[in-house]
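Everything below belongs to entry_26.txt, which stores compact mmCIF, C-alpha atoms.
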# COMPACT_ATOMS: atom_id res chain seq x y z
CA MET A 1 32.54 -22.25 244.67
CA ALA A 2 33.53 -18.73 245.63
CA GLU A 3 32.78 -15.93 243.20
CA VAL A 4 35.64 -14.97 240.92
CA THR A 5 34.20 -11.57 240.24
CA SER A 6 32.00 -9.26 242.18
CA PRO A 7 29.17 -7.28 240.59
CA ARG A 8 29.97 -5.12 237.56
CA GLY A 9 32.82 -7.31 236.45
CA ILE A 10 35.33 -6.50 239.12
CA TRP A 11 38.05 -9.13 239.26
CA LEU A 12 39.22 -10.30 242.65
CA SER A 13 42.88 -11.11 243.25
CA VAL A 14 45.51 -11.26 245.96
CA VAL A 15 49.13 -10.15 245.90
CA ASN A 16 51.11 -13.32 245.28
CA ARG A 17 54.61 -11.85 245.41
CA ILE A 18 56.55 -8.63 245.05
CA VAL A 19 59.75 -7.95 243.13
CA ASP A 20 61.70 -4.71 243.46
CA HIS A 21 63.54 -3.77 240.27
CA ASN A 22 65.42 -0.88 241.87
CA ASP A 23 64.92 1.66 244.64
CA ASP A 24 61.71 3.11 243.21
CA THR A 25 60.31 0.55 240.80
CA ARG A 26 58.36 -2.54 241.72
CA SER A 27 56.40 -5.40 240.20
CA ILE A 28 53.55 -7.07 241.98
CA PHE A 29 52.14 -10.39 240.89
CA LEU A 30 48.38 -10.71 241.31
CA GLN A 31 46.88 -14.15 241.68
CA MET A 32 43.36 -14.36 240.36
CA ARG A 33 40.66 -15.77 242.56
CA GLU A 34 39.78 -19.42 241.94
CA GLY A 35 42.42 -19.80 239.27
CA ALA A 36 40.70 -17.47 236.81
CA GLN A 37 42.79 -16.67 233.76
CA LEU A 38 42.48 -13.19 232.34
CA GLU A 39 42.65 -13.03 228.56
CA PHE A 40 44.28 -9.86 227.30
CA ILE A 41 45.80 -8.42 224.18
CA PRO A 42 49.46 -7.44 224.56
CA GLY A 43 49.56 -3.76 225.46
CA GLN A 44 46.31 -3.66 227.42
CA PHE A 45 45.95 -2.54 231.00
CA ILE A 46 43.87 -3.29 234.03
CA SER A 47 42.04 -0.64 236.01
CA ILE A 48 42.81 -1.13 239.70
CA LEU A 49 40.29 0.01 242.28
CA ILE A 50 42.20 1.98 244.86
CA PRO A 51 40.44 2.92 248.07
CA LEU A 52 41.50 6.37 249.19
CA GLY A 53 39.61 7.80 252.11
CA ASP A 54 35.89 7.39 251.58
CA GLU A 55 36.06 6.84 247.85
CA VAL A 56 37.48 4.43 245.33
CA ARG A 57 39.63 5.70 242.50
CA ARG A 58 40.58 3.78 239.39
CA ARG A 59 44.08 3.75 238.08
CA ALA A 60 45.42 2.01 235.00
CA TYR A 61 48.40 -0.37 235.05
CA SER A 62 49.68 -2.18 231.99
CA ILE A 63 49.83 -5.94 232.11
CA VAL A 64 53.46 -6.98 231.84
CA SER A 65 52.86 -10.71 231.77
CA ARG A 66 50.46 -13.47 232.66
CA HIS A 67 51.43 -16.95 233.70
CA GLY A 68 48.36 -19.04 234.37
CA ASP A 69 46.29 -17.24 236.96
CA ILE A 70 49.02 -14.77 237.89
CA LEU A 71 49.32 -11.31 236.36
CA GLU A 72 52.25 -8.96 236.68
CA ILE A 73 52.04 -5.19 236.79
CA CYS A 74 54.96 -2.81 237.19
CA PHE A 75 55.03 0.71 238.57
CA ASN A 76 57.31 3.30 240.08
CA GLN A 77 57.09 5.85 242.85
CA VAL A 78 55.55 9.14 241.79
CA VAL A 79 55.78 12.24 243.94
CA GLY A 80 52.28 12.91 245.25
CA GLY A 81 50.94 9.78 243.56
CA ARG A 82 48.42 8.46 246.07
CA GLY A 83 47.30 5.57 243.92
CA VAL A 84 50.74 4.19 243.42
CA GLY A 85 51.50 4.91 247.05
CA TRP A 86 48.66 2.56 247.97
CA LEU A 87 50.10 -0.10 245.69
CA PHE A 88 53.50 0.22 247.31
CA GLU A 89 51.86 -0.49 250.65
CA ARG A 90 50.44 -3.83 249.48
CA ALA A 91 51.96 -6.99 250.88
CA PRO A 92 51.65 -10.64 249.87
CA GLY A 93 48.16 -11.88 250.67
CA ASP A 94 46.53 -8.46 250.38
CA ALA A 95 43.42 -8.25 248.23
CA VAL A 96 43.43 -6.19 245.05
CA GLU A 97 40.34 -5.59 242.93
CA PHE A 98 40.46 -4.51 239.33
CA MET A 99 38.49 -4.25 236.10
CA GLY A 100 39.51 -4.93 232.57
CA PRO A 101 41.46 -5.56 230.53
CA PHE A 102 41.13 -2.31 228.64
CA GLY A 103 42.98 -0.27 226.07
CA ASN A 104 43.63 0.03 222.38
CA PHE A 105 47.40 0.45 222.43
CA THR A 106 47.89 -3.12 221.37
CA LEU A 107 49.91 -5.31 219.06
CA ASP A 108 48.36 -8.72 218.75
CA THR A 109 49.82 -10.14 215.57
CA PRO A 110 53.40 -10.56 214.39
CA PRO A 111 54.34 -7.34 212.55
CA GLN A 112 54.28 -7.52 208.77
CA VAL A 113 56.25 -4.30 208.28
CA GLU A 114 59.32 -2.97 210.05
CA THR A 115 58.17 -2.01 213.52
CA ILE A 116 59.81 0.37 215.92
CA LEU A 117 58.98 0.20 219.63
CA ILE A 118 59.97 3.12 221.82
CA ALA A 119 59.71 3.08 225.59
CA GLU A 120 61.05 4.90 228.61
CA GLY A 121 61.44 3.43 232.10
CA THR A 122 58.35 1.59 233.36
CA ALA A 123 56.64 2.29 230.03
CA ILE A 124 58.29 -0.93 228.88
CA ALA A 125 55.35 -2.62 230.65
CA PRO A 126 52.93 -2.74 227.68
CA ILE A 127 55.77 -3.20 225.20
CA LEU A 128 57.20 -6.37 226.70
CA PRO A 129 54.14 -8.56 226.05
CA MET A 130 53.96 -7.10 222.55
CA LEU A 131 57.48 -8.36 221.94
CA HIS A 132 56.69 -11.80 223.29
CA GLY A 133 53.56 -11.95 221.14
CA ALA A 134 55.41 -10.79 218.03
CA GLN A 135 57.83 -13.67 218.33
CA SER A 136 55.17 -16.34 218.14
CA SER A 137 55.83 -16.69 214.42
CA ALA A 138 57.81 -15.13 211.58
CA HIS A 139 57.70 -11.38 211.58
CA ALA A 140 59.20 -8.30 209.98
CA PRO A 141 62.15 -6.63 211.73
CA VAL A 142 61.35 -5.22 215.16
CA PHE A 143 63.54 -2.65 216.86
CA LEU A 144 63.18 -1.58 220.48
CA LEU A 145 64.68 1.72 221.54
CA TYR A 146 64.47 1.69 225.31
CA ALA A 147 65.45 4.80 227.26
CA ALA A 148 66.13 5.15 230.96
CA THR A 149 67.75 7.64 233.27
CA ASP A 150 70.37 5.10 234.34
CA SER A 151 71.14 1.44 233.87
CA ALA A 152 69.24 0.45 237.03
CA HIS A 153 66.06 1.69 235.37
CA VAL A 154 66.47 -0.48 232.30
CA LEU A 155 63.88 -3.02 233.40
CA TYR A 156 63.64 -6.64 232.23
CA ARG A 157 67.08 -6.38 230.67
CA SER A 158 67.81 -10.10 230.81
CA ASP A 159 64.40 -10.90 229.36
CA LEU A 160 64.91 -8.43 226.52
CA GLU A 161 68.43 -9.64 225.81
CA ALA A 162 67.22 -13.23 225.74
CA LEU A 163 64.56 -12.28 223.21
CA ALA A 164 67.15 -10.54 221.06
CA SER A 165 69.57 -13.45 221.24
CA ARG A 166 67.09 -15.98 219.92
CA ASP A 167 65.36 -13.81 217.34
CA ALA A 168 67.47 -12.43 214.51
CA ASN A 169 64.63 -10.12 213.55
CA PHE A 170 64.56 -8.36 216.91
CA ARG A 171 67.10 -5.70 217.86
CA LEU A 172 67.36 -3.98 221.20
CA GLU A 173 69.12 -0.75 221.94
CA THR A 174 69.13 1.09 225.22
CA LEU A 175 69.56 4.80 225.64
CA ILE A 176 70.79 6.05 228.99
CA ALA A 177 70.17 9.75 229.30
CA GLU A 178 70.21 12.15 232.19
CA GLY A 179 68.27 15.39 231.92
CA ASP A 180 65.51 15.63 229.33
CA ILE A 181 65.23 12.03 228.28
CA TYR A 182 62.42 12.72 225.83
CA GLU A 183 64.49 15.35 224.06
CA ARG A 184 67.15 12.69 223.55
CA LEU A 185 64.57 10.19 222.35
CA HIS A 186 63.12 12.78 219.98
CA ASN A 187 66.55 13.44 218.53
CA GLU A 188 67.25 9.73 218.14
CA VAL A 189 63.95 9.13 216.40
CA ASN A 190 64.65 12.04 214.08
CA ARG A 191 68.14 10.79 213.28
CA ARG A 192 67.24 7.15 212.73
CA TRP A 193 63.80 7.13 211.13
CA VAL A 194 63.15 10.60 209.78
CA SER A 195 66.39 12.07 208.47
CA ALA A 196 68.18 8.84 207.58
CA ASP A 197 65.99 7.72 204.69
CA GLY A 198 62.74 8.21 202.85
CA ASN A 199 61.17 4.95 204.02
CA ARG A 200 57.79 5.81 205.50
CA ALA A 201 56.40 2.28 205.62
CA ARG A 202 57.43 1.59 209.20
CA GLN A 203 55.03 1.47 212.08
CA PHE A 204 55.72 2.80 215.55
CA TYR A 205 54.58 2.01 219.08
CA ILE A 206 55.57 4.66 221.59
CA CYS A 207 54.93 4.56 225.31
CA GLY A 208 56.08 6.99 227.95
CA VAL A 209 55.20 9.77 230.32
CA GLY A 210 54.06 13.26 229.42
CA LYS A 211 54.12 15.50 226.39
CA GLY A 212 57.40 14.09 225.08
CA VAL A 213 55.40 11.17 223.70
CA VAL A 214 53.17 13.54 221.75
CA LYS A 215 56.17 15.41 220.38
CA ILE A 216 57.60 12.18 219.00
CA ARG A 217 54.19 11.34 217.52
CA ASP A 218 54.04 14.73 215.85
CA LEU A 219 57.58 14.40 214.53
CA LEU A 220 56.78 11.09 212.86
CA ARG A 221 53.39 12.07 211.48
CA GLY A 222 54.76 15.40 210.33
CA SER A 223 57.53 13.69 208.41
CA GLY A 224 55.24 11.56 206.31
CA TYR A 225 54.36 8.50 208.34
CA GLN A 226 50.70 7.58 208.16
CA ARG A 227 48.67 8.65 211.15
CA ARG A 228 47.61 5.09 211.82
CA ALA A 229 51.18 3.84 211.62
CA VAL A 230 52.09 5.83 214.72
CA HIS A 231 50.58 4.24 217.82
CA TYR A 232 51.23 5.70 221.23
CA GLU A 233 50.21 5.67 224.84
CA GLN A 234 50.91 8.72 226.92
CA TRP A 235 50.95 8.25 230.68
CA MET B 236 24.67 28.59 235.41
CA ALA B 237 25.58 26.05 232.75
CA LYS B 238 23.28 23.10 232.18
CA LEU B 239 24.28 19.57 231.33
CA ARG B 240 21.53 17.11 230.51
CA ILE B 241 22.48 13.44 230.47
CA LYS B 242 20.54 10.80 228.56
CA PHE B 243 21.31 7.14 229.07
CA GLU B 244 20.97 4.73 226.17
CA ASN B 245 20.31 1.93 228.61
CA GLY B 246 17.03 3.52 229.58
CA ASP B 247 17.97 5.07 232.91
CA PRO B 248 16.11 8.32 233.59
CA ASP B 249 17.57 11.55 232.28
CA ARG B 250 19.56 13.71 234.67
CA LEU B 251 20.10 17.46 234.64
CA ILE B 252 23.08 19.14 236.26
CA GLU B 253 23.28 22.87 236.76
CA PHE B 254 26.77 24.06 237.55
CA ASN B 255 29.19 26.94 237.38
CA PRO B 256 32.16 26.00 235.17
CA ALA B 257 34.35 28.32 237.21
CA ASP B 258 33.94 25.94 240.15
CA ALA B 259 35.86 23.17 238.37
CA PRO B 260 37.36 20.76 239.22
CA PHE B 261 34.37 18.96 240.67
CA HIS B 262 36.19 15.69 241.16
CA HIS B 263 39.70 14.42 240.48
CA ASP B 264 39.54 12.42 237.26
CA GLY B 265 39.55 13.80 233.74
CA ARG B 266 40.34 17.36 232.76
CA PRO B 267 38.97 19.89 235.22
CA GLY B 268 35.58 21.00 233.95
CA SER B 269 35.28 18.06 231.58
CA ILE B 270 32.04 16.15 231.20
CA LEU B 271 33.59 13.31 233.19
CA ASP B 272 34.67 15.69 235.95
CA ILE B 273 31.22 17.28 236.09
CA LEU B 274 29.37 13.96 236.19
CA LEU B 275 31.56 12.39 238.84
CA GLY B 276 31.43 15.55 240.92
CA HIS B 277 27.64 15.30 240.86
CA LYS B 278 27.65 11.60 241.74
CA ILE B 279 26.72 10.36 238.28
CA HIS B 280 28.78 7.39 237.20
CA LEU B 281 30.63 7.42 233.88
CA GLU B 282 33.15 4.71 233.17
CA HIS B 283 36.76 5.86 232.95
CA ALA B 284 38.95 2.81 233.07
CA CYS B 285 42.18 4.71 232.48
CA GLY B 286 41.47 7.20 235.25
CA GLY B 287 40.37 9.91 232.83
CA ASN B 288 43.70 10.25 231.03
CA CYS B 289 42.67 9.84 227.38
CA ALA B 290 44.03 6.28 227.27
CA CYS B 291 40.79 4.39 226.58
CA THR B 292 37.31 4.99 225.23
CA THR B 293 35.18 3.96 228.18
CA CYS B 294 34.02 7.55 228.76
CA HIS B 295 32.78 7.91 225.17
CA VAL B 296 29.73 10.18 225.01
CA VAL B 297 27.70 11.53 222.12
CA ILE B 298 26.89 15.22 222.15
CA LYS B 299 23.32 15.93 221.10
CA GLU B 300 23.30 19.64 221.85
CA GLY B 301 25.95 22.23 222.60
CA MET B 302 28.91 20.79 220.67
CA SER B 303 30.25 24.29 220.02
CA LYS B 304 30.29 25.00 223.74
CA LEU B 305 32.92 22.34 224.39
CA SER B 306 36.66 22.61 224.09
CA GLU B 307 37.97 21.43 220.73
CA ALA B 308 39.16 17.84 220.52
CA GLU B 309 42.93 17.44 220.37
CA GLU B 310 44.69 14.88 218.20
CA SER B 311 45.13 12.46 221.09
CA GLU B 312 41.39 12.41 221.69
CA GLU B 313 40.65 11.98 217.98
CA ASP B 314 43.11 9.08 217.82
CA MET B 315 41.39 7.40 220.72
CA LEU B 316 37.89 8.04 219.38
CA ASP B 317 38.87 6.34 216.12
CA LYS B 318 38.73 3.11 218.10
CA ALA B 319 35.44 3.75 219.85
CA PRO B 320 32.43 1.67 218.84
CA GLY B 321 29.38 3.56 217.72
CA LEU B 322 31.47 6.55 216.70
CA THR B 323 29.40 9.51 215.54
CA PRO B 324 30.34 12.95 214.18
CA THR B 325 29.58 14.38 217.60
CA SER B 326 31.35 11.77 219.70
CA ARG B 327 33.68 13.01 222.42
CA LEU B 328 35.62 11.52 225.29
CA GLY B 329 34.02 12.67 228.50
CA CYS B 330 37.42 13.10 230.14
CA GLN B 331 38.61 15.56 227.47
CA ALA B 332 35.56 17.66 226.54
CA VAL B 333 35.64 20.72 228.78
CA VAL B 334 32.80 23.16 229.43
CA THR B 335 33.90 26.72 230.08
CA ASP B 336 30.90 28.80 229.00
CA PRO B 337 28.77 29.65 232.07
CA ASP B 338 25.69 29.81 229.84
CA ALA B 339 26.33 26.55 228.01
CA GLU B 340 23.42 24.18 227.53
CA ILE B 341 24.66 20.75 226.63
CA THR B 342 22.95 17.42 226.13
CA VAL B 343 24.95 14.20 226.05
CA VAL B 344 24.02 10.58 225.49
CA ILE B 345 25.88 7.83 227.29
CA PRO B 346 26.09 4.97 224.76
CA ARG B 347 25.05 1.53 225.89
CA PHE B 348 28.28 -0.15 224.98
CA THR B 349 31.85 0.72 224.36
CA ILE B 350 34.56 -1.52 223.00
CA ASN B 351 36.27 -1.60 226.35
CA LEU B 352 33.23 -2.34 228.39
CA ALA B 353 32.44 -5.20 226.04
CA SER B 354 35.69 -6.76 227.21
CA GLU B 355 34.35 -6.82 230.73
CA SER B 356 31.88 -9.53 229.93
CA HIS B 357 33.81 -12.07 231.93
CA ASP B 358 31.57 -12.53 234.88
CA GLY B 359 29.48 -15.56 234.84
Written as structure tokens, that's how I'd like the structure from this file.
Amino acid sequence: MAEVTSPRGIWLSVVNRIVDHNDDTRSIFLQMREGAQLEFIPGQFISILIPLGDEVRRRAYSIVSRHGDILEICFNQVVGGRGVGWLFERAPGDAVEFMGPFGNFTLDTPPQVETILIAEGTAIAPILPMLHGAQSSAHAPVFLLYAATDSAHVLYRSDLEALASRDANFRLETLIAEGDIYERLHNEVNRRWVSADGNRARQFYICGVGKGVVKIRDLLRGSGYQRRAVHYEQW
Amino acid sequence: MAKLRIKFENGDPDRLIEFNPADAPFHHDGRPGSILDILLGHKIHLEHACGGNCACTTCHVVIKEGMSKLSEAEESEEDMLDKAPGLTPTSRLGCQAVVTDPDAEITVVIPRFTINLASESHDG
């Protein structure tokens, strides 16, 4: 039997298929060698080995889903992003090596307190499996505030709407915002969960790009939410 | 020249790096001038599954000497370290702890295990 992993726990896979979400956002589905099935906690990522010149760099990509031996990751074009540029050049049948899963931004049990998930663009990637996992049994109310620059960048819309339609305890709201999207998100968070009431028993999971994530974290913690109730992953 | 001595809990021989912090970055992952950046730039491997972006704990190191010569930990690093196994009062993330003092003398220990690396035990 062929080896599933190479030394030091590097998983071997091939690109099974590619799905373009819009003009700059793509999913690739990685089929594990020899039918291996990667166990992961919703929210975790894999660390892809990306050969650039004479060296190999490692870049993290959240696991969106796993069906059997096939994993999905999702990413978008980044100006000057050589790692993601390499991923965009992959074609079905190409080999991809990775390590993992890794990461502590996870939600692995159905929430027992009101839970607010906040994501922007491709940062829905770790959130989506959290939502699927949360619905495995009864759970406290879950609210997803999902921001994007335009409707084309609201990813997995049908999946999210299907989740909301069959789970009365899950609510989805999208926020389309041009300009400083994190400023809008910050204002929404302030309006809904800081200024609106004195309830500080909620927990939050925030994922996005840049310092805007940290500003939302600071807003929540500064308004009385427990430090450990505010989880975040800043890309 | 600053000095960075590296001790490996797995028994590998100690290494000593002499460097000028002003020459940072030495590599391309982690903050420029960070312990991760210095090690990688001197061909010493330190795990950094997230690419050195303070999104995991695989670059967890324990500072044995020279803690005051490192940049202060920010809240994001402290949050991440909370989840690191073997946490000590002088734990830092290699990707975030930056050396700027040209006369710094720092000793770090690379722990044998981290929570993330433990999850790699899938081969075999």
Name the closest residue to chain A among the candidates B:Ile298, B:Ala339, B:Cys330, B:Cys291; distances are taken between atoms, counting only C-alpha atoms.
B:Cys291
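Relative to atom CA of A:Val113, atom CA of A:Arg228 is found at 13.2 Å.
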Expected answer as a PyMOL selection string: chain A residues within 10 Å of chain B, all atoms listed in the file:
chain A and resi 3-11+38-40+44-49+57-61+98-105+214+217-218+227-228+231-235
Can you measure atom CA of B:Asn255 to atom CA of B:Asp338 for me? One decimal in Å is fine.
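Those two atoms sit 8.8 Å apart.
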Check the smallest atom-to-atom distance from each of B:Phe243, B:Ile341, B:Gly329, B:His295 to B:Leu274 using all atoms listed in the file, then report the winner.
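Using all atoms listed in the file, the shortest distance to B:Leu274 belongs to B:Gly329.
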For atom CA of A:Ala119 and atom CA of A:Val209, quote the distance in Å rounded to one decimal.
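So the two atoms, atom CA of A:Ala119 and atom CA of A:Val209, lie 9.4 Å apart.
Residue nearest A:Asn16, chosen from A:Val189, A:Met130, A:Val84, A:Ile70 and counting all atoms listed in the file: A:Ile70.
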Name all residues at most 12 Å from A:Glu55 (count all atoms listed in the file; drop same-chain ones fewer than 5 positions away) and give them as a list in words.
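Listing them by chain and then by number gives Leu49, Ile50 and Gly83 of chain A; His262, His263, Leu275 and Lys278 of chain B.
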Mind checking which residues fall within 9 Å of B:Leu305, counting all atoms listed in the file, ignoring those fewer than 2 positions away in the same chain, and posting them as a list in words?
Ser269, Gly301, Met302, Ser303, Glu307, Ala308, Ala332, Val333, Val334, Thr335, Asp336, Ala339 and Ile341 of chain B
Any chance you could export the current selection's C-alpha atoms as an mmCIF file, in the frame of the given file?
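Output saved as again.cif:
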data_model
loop_
_atom_site.group_PDB
_atom_site.id
_atom_site.type_symbol
_atom_site.label_atom_id
_atom_site.label_comp_id
_atom_site.auth_asym_id
_atom_site.auth_seq_id
_atom_site.Cartn_x
_atom_site.Cartn_y
_atom_site.Cartn_z
ATOM 1 C CA SER B 269 35.280 18.060 231.580
ATOM 2 C CA GLY B 301 25.950 22.230 222.600
ATOM 3 C CA MET B 302 28.910 20.790 220.670
ATOM 4 C CA SER B 303 30.250 24.290 220.020
ATOM 5 C CA GLU B 307 37.970 21.430 220.730
ATOM 6 C CA ALA B 308 39.160 17.840 220.520
ATOM 7 C CA ALA B 332 35.560 17.660 226.540
ATOM 8 C CA VAL B 333 35.640 20.720 228.780
ATOM 9 C CA VAL B 334 32.800 23.160 229.430
ATOM 10 C CA THR B 335 33.900 26.720 230.080
ATOM 11 C CA ASP B 336 30.900 28.800 229.000
ATOM 12 C CA ALA B 339 26.330 26.550 228.010
ATOM 13 C CA ILE B 341 24.660 20.750 226.630
#
Using all atoms listed in the file, the shortest atom-to-atom distance to A:Val64 among A:Thr25, A:Thr122, A:Asn76, A:Ser223 belongs to A:Thr122
Surrounding residues of A:Gly93 excluding itself and chain neighbours under 5 positions, 12 Å, only C-alpha atoms, as a PyMOL selection string:
chain A and resi 13-18+28-33
Need the shell around B:Glu340: protein/DNA/RNA residues with any atom at most 7 Å away, counting only C-alpha atoms. Skip same-chain ones fewer than 4 positions apart. Format as a ChimeraX atom specification?
/B:237-239,301
Test item: residues at most 8 Å from B:Val343, all atoms listed in the file, excluding those fewer than 4 positions along its chain, as a count of residues only:
9
Edge lengths and centre in Å, axis-aligned, stretch 264-277 of chain B plus 5 Å each side, as lines of an AutoDock Vina configuration file:
center_x = 34.0
center_y = 16.7
center_z = 236.1
size_x = 22.7
size_y = 18.6
size_z = 19.7
Missing atoms in stretch 311-319 of chain B: fill them in up to all heavy atoms and send the result as a CSV table (one decimal), keeping the file's coordinate frame.
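Listed below is the output, out.csv:
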chain,number,residue,atom,x,y,z
B,311,SER,N,45.1,13.7,220.3
B,311,SER,CA,45.1,12.5,221.1
B,311,SER,C,43.7,11.9,221.3
B,311,SER,O,43.5,10.7,221.3
B,311,SER,CB,45.8,12.8,222.5
B,311,SER,OG,47.1,13.2,222.3
B,312,GLU,N,42.8,12.8,221.5
B,312,GLU,CA,41.4,12.4,221.7
B,312,GLU,C,40.8,11.8,220.4
B,312,GLU,O,40.2,10.8,220.4
B,312,GLU,CB,40.5,13.6,222.2
B,312,GLU,CG,39.1,13.2,222.4
B,312,GLU,CD,38.2,14.4,222.8
B,312,GLU,OE1,38.7,15.5,223.0
B,312,GLU,OE2,37.0,14.2,222.8
B,313,GLU,N,41.1,12.5,219.3
B,313,GLU,CA,40.6,12.0,218.0
B,313,GLU,C,41.2,10.6,217.7
B,313,GLU,O,40.5,9.7,217.2
B,313,GLU,CB,41.0,13.0,216.9
B,313,GLU,CG,40.4,14.3,217.0
B,313,GLU,CD,39.0,14.4,216.6
B,313,GLU,OE1,38.4,13.3,216.4
B,313,GLU,OE2,38.4,15.5,216.6
B,314,ASP,N,42.5,10.4,218.0
B,314,ASP,CA,43.1,9.1,217.8
B,314,ASP,C,42.4,8.0,218.6
B,314,ASP,O,42.2,6.9,218.2
B,314,ASP,CB,44.6,9.1,218.2
B,314,ASP,CG,45.5,9.9,217.3
B,314,ASP,OD1,45.1,10.0,216.1
B,314,ASP,OD2,46.6,10.3,217.7
B,315,MET,N,42.1,8.4,219.8
B,315,MET,CA,41.4,7.4,220.7
B,315,MET,C,40.0,7.1,220.2
B,315,MET,O,39.5,6.0,220.2
B,315,MET,CB,41.4,7.9,222.1
B,315,MET,CG,41.2,6.9,223.2
B,315,MET,SD,42.4,5.5,223.1
B,315,MET,CE,43.9,6.4,223.4
B,316,LEU,N,39.3,8.2,219.8
B,316,LEU,CA,37.9,8.0,219.4
B,316,LEU,C,37.8,7.2,218.1
B,316,LEU,O,36.8,6.5,217.9
B,316,LEU,CB,37.3,9.4,219.1
B,316,LEU,CG,36.7,10.1,220.3
B,316,LEU,CD1,36.3,11.6,220.0
B,316,LEU,CD2,35.5,9.4,220.9
B,317,ASP,N,38.9,7.2,217.3
B,317,ASP,CA,38.9,6.3,216.1
B,317,ASP,C,38.6,4.9,216.5
B,317,ASP,O,38.1,4.1,215.6
B,317,ASP,CB,40.3,6.4,215.5
B,317,ASP,CG,40.4,7.6,214.6
B,317,ASP,OD1,39.4,8.3,214.3
B,317,ASP,OD2,41.6,7.8,214.1
B,318,LYS,N,38.9,4.5,217.7
B,318,LYS,CA,38.7,3.1,218.1
B,318,LYS,C,37.5,2.9,218.9
B,318,LYS,O,37.2,1.8,219.4
B,318,LYS,CB,40.0,2.7,218.9
B,318,LYS,CG,41.2,2.8,218.1
B,318,LYS,CD,42.5,2.9,219.0
B,318,LYS,CE,43.7,3.1,218.1
B,318,LYS,NZ,44.9,3.4,218.9
B,319,ALA,N,36.7,3.9,219.0
B,319,ALA,CA,35.4,3.8,219.8
B,319,ALA,C,34.3,3.2,219.0
B,319,ALA,O,34.1,3.6,217.9
B,319,ALA,CB,35.0,5.1,220.4
